[in-house]
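In what follows, a structure is listed as structure tokens, so that the remarks can point back to it.
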Amino acid sequence: MITLGIETSCDETALALIETRGAADAAGAAGSLECRVIASLVHSQAALHSAYGGVYPSLAKREHGKNLIPLLHKLMIEVDGGVGIACELDDAGFRDALDNFRTEIAPQNPELFESFAGAGDAFLKKVPAIDRIAVTEGPGLEPALWVGLNLARMLSALWNVPVVPVNHMEGHVVGSLIPSDAPNGAWQKLFDIPMPAVAFLMSGGHTELVRVDRIGMYEVIGETQDDAVGEAFDKTARLLGFPYPGGPHIAMAAHEARERGIKPPVALPRPMIGSKDLNFSFSGLKTAVLYATRKAPLDESGALPDEWKKGLAREFEDAVSETLVSKLRAAMDLVGARAVVMGGGVVANHTLREAFKRVAAEYGVPLFLPSGYISGDNALMIAVAGAIKDAAAEVDESALRADGTKKL
Ligand code: KG4
Ligand code: ZN
């Protein structure tokens, strides 16, 4: 089965084409499922949002609208015969479809509609032989989600291909099943996760501990009560004067502090580390960083000294790491976890990855850590999550709705 994946929940515009074969086994693990990545593209808007210190929803929406069709064109060029052409639409067929989209889609996403209308002769009239479109329906920024959903609606109607809506967080769980070492185009078996597993999802918008009994069967057992862990990284980075997204800057500064033996200038709290539940709260940590910056010595130019910032980044990373590790242990004990699955952009953090590896080794269970490009937002994980659902998950394109707070 060939699946097109579409992801626009935040500030990455992403598309992917994959082929899958085999079946999941009854225990809910990956069974004989195999996947072939035909092409996967991510266009990041992070640099544009940097000026706002975070993702600016109406800008994200407009950028997705401008970028999706050029990205789809690039994807089709990259695929280069890897997917056959099912048929070619004539002018009348394309025009009829556009007439419907003009009233249904153009008012909401004018940039998307305009570029769609202009791309008929370039490639849209050549209907690729794909079996399914998988698209993120939430959670995320609703105006941004709608752009991807509207692209899915138009392609579904134009190409007569069914759509499967995918939960973004499920995408991050499934992302860790995708091996990253095989070259594009090669068949690779999806990792088989022993169940039950604990999935730990951490991104700019989410911090969730999830009990996974099988692929498709999830229960959120812990979540943040305020800021997400990525948000805490981003806000702390901002206080230290680093650009958005701040996570990688904090990580680099902390790494240098450790290498050079720079000590933390203050002790930060380990939020909720002693609480009995599996929930998180990071807003107090951010406030502690704010107070620390106010009391910090300043250099001659009135700025925070470089060494002070690096020492603080180190302490911040340690505080986050110890908190996440203590909650992970508690979740694994509760679930009787036979595996741990990680997902979300924050998983790119080296210190956290090493800490999670130590916990998994101590429990003697496998840890599924997605590789760099799969841990951040991408459409490959959405395509795979959509492809492994059964036919009952297919919906009529007119039933697609964005849900910014969609639960797993
Ligand atoms: O999953 P993701 O790409 O987007 C969503 O938020 O859905 O996650 C982005 C988050 C940002 O908050 C970013 O600062 C954080 O992941 N991040 C990191 C690192 N790389 C990205 N946080 C800590 N250390 C990193 N190396
Ligand atoms: Zn994400």
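Quick note on naming: the chains in the structure tokens go A, B, ... in the order shown, residues restart at 1 in each chain, and ligands are numbered from 1 in order of appearance.
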How close does segment 81-160 of chain A get to segment 30-40 of chain A? List, as a tab-separated table, each residue of segment 81-160 of chain A within 12 Å, its nearest atom pair and the distance in Å to one decimal, counting only C-alpha atoms.
```
residue	atom	partner	partner_atom	distance
A:Gly81	CA	A:Ile38	CA	10.2
A:Gly82	CA	A:Ile38	CA	6.9
A:Val83	CA	A:Ile38	CA	8.4
A:Ile130	CA	A:Ile38	CA	11.8
```
Atoms kept (all heavy atoms) for selection, written as an mmCIF file, in the first residue's frame:
```cif
data_model
loop_
_atom_site.group_PDB
_atom_site.id
_atom_site.type_symbol
_atom_site.label_atom_id
_atom_site.label_comp_id
_atom_site.auth_asym_id
_atom_site.auth_seq_id
_atom_site.Cartn_x
_atom_site.Cartn_y
_atom_site.Cartn_z
ATOM 1 N N GLY A 81 9.236 8.410 -10.676
ATOM 2 C CA GLY A 81 8.845 7.100 -11.188
ATOM 3 C C GLY A 81 8.707 6.026 -10.119
ATOM 4 O O GLY A 81 8.268 4.923 -10.398
ATOM 5 N N GLY A 82 9.071 6.347 -8.863
ATOM 6 C CA GLY A 82 8.939 5.388 -7.758
ATOM 7 C C GLY A 82 7.484 5.056 -7.475
ATOM 8 O O GLY A 82 7.184 4.035 -6.864
ATOM 9 N N VAL A 83 6.581 5.924 -7.922
ATOM 10 C CA VAL A 83 5.142 5.671 -7.817
ATOM 11 C C VAL A 83 4.586 5.836 -9.227
ATOM 12 O O VAL A 83 4.876 6.833 -9.899
ATOM 13 C CB VAL A 83 4.471 6.696 -6.873
ATOM 14 C CG1 VAL A 83 2.964 6.505 -6.863
ATOM 15 C CG2 VAL A 83 5.036 6.576 -5.467
ATOM 16 N N ILE A 130 -1.522 6.185 -5.613
ATOM 17 C CA ILE A 130 -1.418 6.040 -4.162
ATOM 18 C C ILE A 130 -2.750 5.527 -3.616
ATOM 19 O O ILE A 130 -3.807 5.732 -4.200
ATOM 20 C CB ILE A 130 -0.978 7.344 -3.450
ATOM 21 C CG1 ILE A 130 -1.991 8.467 -3.654
ATOM 22 C CG2 ILE A 130 0.389 7.782 -3.900
ATOM 23 C CD1 ILE A 130 -1.615 9.724 -2.884
#
```
Which of segment 235-304 of chain A fall in alpha helix (DSSP H), as number ranges by chain: A: 235-239, 247-259, 283-295
Select, from A:Asp90, A:Glu208, A:Asp390, A:Asp96, the residue with the minimum atom-to-atom distance to ligand 2, counting only C-alpha atoms and all ligand atoms. A:Glu208
Throw together the list of residues within 9 Å of ligand 2, counting only C-alpha atoms and all ligand atoms, and drop it here as a CSV table (one decimal) with C-alpha atoms, in the first residue's frame.
```
chain,number,residue,atom,x,y,z
A,9,SER,CA,0.4,20.9,13.1
A,10,CYS,CA,3.1,23.4,14.1
A,139,PRO,CA,-3.3,18.2,18.5
A,140,GLY,CA,-1.5,21.3,17.3
A,168,HIS,CA,0.1,13.8,15.9
A,169,MET,CA,1.1,12.2,19.2
A,171,GLY,CA,2.7,9.8,15.0
A,172,HIS,CA,5.5,10.4,17.5
A,201,LEU,CA,6.4,12.1,24.3
A,202,MET,CA,8.1,15.4,24.7
A,203,SER,CA,7.8,18.4,22.4
A,204,GLY,CA,7.3,22.1,22.3
A,205,GLY,CA,3.6,21.6,23.0
A,206,HIS,CA,3.4,18.3,24.9
A,343,GLY,CA,9.1,10.7,20.7
A,344,GLY,CA,9.0,14.4,20.1
A,345,GLY,CA,11.5,17.1,19.3
A,375,SER,CA,12.3,12.8,16.5
A,376,GLY,CA,11.2,16.3,15.3
A,377,ASP,CA,7.9,16.9,13.4
A,378,ASN,CA,7.8,15.1,10.1
```
For Leu4 of chain A, list every protein, DNA or RNA residue within 7 Å, evaluated using only C-alpha atoms, and leave out those in the same chain fewer than 5 positions away; present the list as a list in words. Ala16, Leu17, Ile18, Arg132, Ile133, Ala134 and Ala383 of chain A
Just the strand (DSSP E or B) stuff from segment 35-117 of chain A, please, per backbone DSSP, written as a CSV table (one decimal) with N, CA and C atoms, in the first residue's frame.
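Below is the file selection-v1.csv, written as the result:
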```csv
chain,number,residue,atom,x,y,z
A,35,CYS,N,8.2,-1.4,5.8
A,35,CYS,CA,8.0,0.0,5.3
A,35,CYS,C,9.1,0.4,4.3
A,36,ARG,N,8.8,1.1,3.3
A,36,ARG,CA,9.8,1.6,2.4
A,36,ARG,C,9.6,3.1,2.2
A,37,VAL,N,10.6,3.9,2.6
A,37,VAL,CA,10.4,5.3,2.5
A,37,VAL,C,10.7,5.7,1.0
A,38,ILE,N,9.7,6.2,0.3
A,38,ILE,CA,10.0,6.6,-1.1
A,38,ILE,C,10.6,8.0,-1.1
A,39,ALA,N,10.0,8.9,-0.3
A,39,ALA,CA,10.6,10.2,-0.2
A,39,ALA,C,10.0,10.9,1.1
A,40,SER,N,10.7,11.7,1.7
A,40,SER,CA,10.2,12.4,2.9
A,40,SER,C,10.9,13.8,3.0
A,41,LEU,N,10.0,14.9,3.0
A,41,LEU,CA,10.5,16.2,3.0
A,41,LEU,C,10.0,17.0,4.1
A,42,VAL,N,10.8,17.8,4.7
A,42,VAL,CA,10.4,18.7,5.8
A,42,VAL,C,10.9,20.1,5.5
A,43,HIS,N,10.0,21.1,5.5
A,43,HIS,CA,10.4,22.5,5.3
A,43,HIS,C,10.1,23.2,6.6
A,44,SER,N,11.2,23.6,7.3
A,44,SER,CA,11.0,24.2,8.6
A,44,SER,C,10.8,25.7,8.5
A,85,ILE,N,1.8,6.3,-12.4
A,85,ILE,CA,0.7,7.3,-12.7
A,85,ILE,C,-0.5,6.4,-12.9
A,86,ALA,N,-1.6,6.7,-12.1
A,86,ALA,CA,-2.8,5.9,-12.3
A,86,ALA,C,-3.6,6.3,-13.5
A,87,CYS,N,-3.7,7.7,-13.7
A,87,CYS,CA,-4.4,8.2,-14.9
A,87,CYS,C,-4.0,9.7,-15.0
A,88,GLU,N,-4.5,10.3,-16.1
A,88,GLU,CA,-4.3,11.7,-16.2
A,88,GLU,C,-5.7,12.4,-16.4
```
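Shortest separation to Arg214 of chain A among A:Val166, A:Met252, A:Ala339, A:Ala92 occurs at residue A:Ala339, atoms counted being only C-alpha atoms.
Interatomic distance, atom CA of Leu71 of chain A to atom CA of Val135 of chain A: 15.2 Å.
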Closest pair table for segment 215-274 of chain A residues within 6 Å of segment 315-337 of chain A, only C-alpha atoms, as JSON lines:
```
{"residue": "A:Pro264", "atom": "CA", "partner": "A:Glu315", "partner_atom": "CA", "distance": 5.5}
{"residue": "A:Arg270", "atom": "CA", "partner": "A:Ala319", "partner_atom": "CA", "distance": 5.2}
{"residue": "A:Ile273", "atom": "CA", "partner": "A:Thr323", "partner_atom": "CA", "distance": 5.5}
```
File of the preceding selection, N, CA, C and O atoms, as a JSON list (two decimals), in the first residue's frame:
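Below is the file out-v1.json, written as the result:
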```json
[["chain", "number", "residue", "atom", "x", "y", "z"],
["A", 264, "PRO", "N", 27.38, 25.06, 37.89],
["A", 264, "PRO", "CA", 26.12, 25.81, 37.90],
["A", 264, "PRO", "C", 26.22, 26.99, 38.87],
["A", 264, "PRO", "O", 26.68, 26.80, 40.00],
["A", 270, "ARG", "N", 13.81, 20.70, 41.25],
["A", 270, "ARG", "CA", 13.45, 19.54, 40.43],
["A", 270, "ARG", "C", 11.94, 19.41, 40.57],
["A", 270, "ARG", "O", 11.46, 18.76, 41.51],
["A", 273, "ILE", "N", 9.29, 16.26, 41.63],
["A", 273, "ILE", "CA", 10.04, 15.00, 41.63],
["A", 273, "ILE", "C", 9.55, 14.08, 42.74],
["A", 273, "ILE", "O", 9.57, 12.86, 42.61]]
```
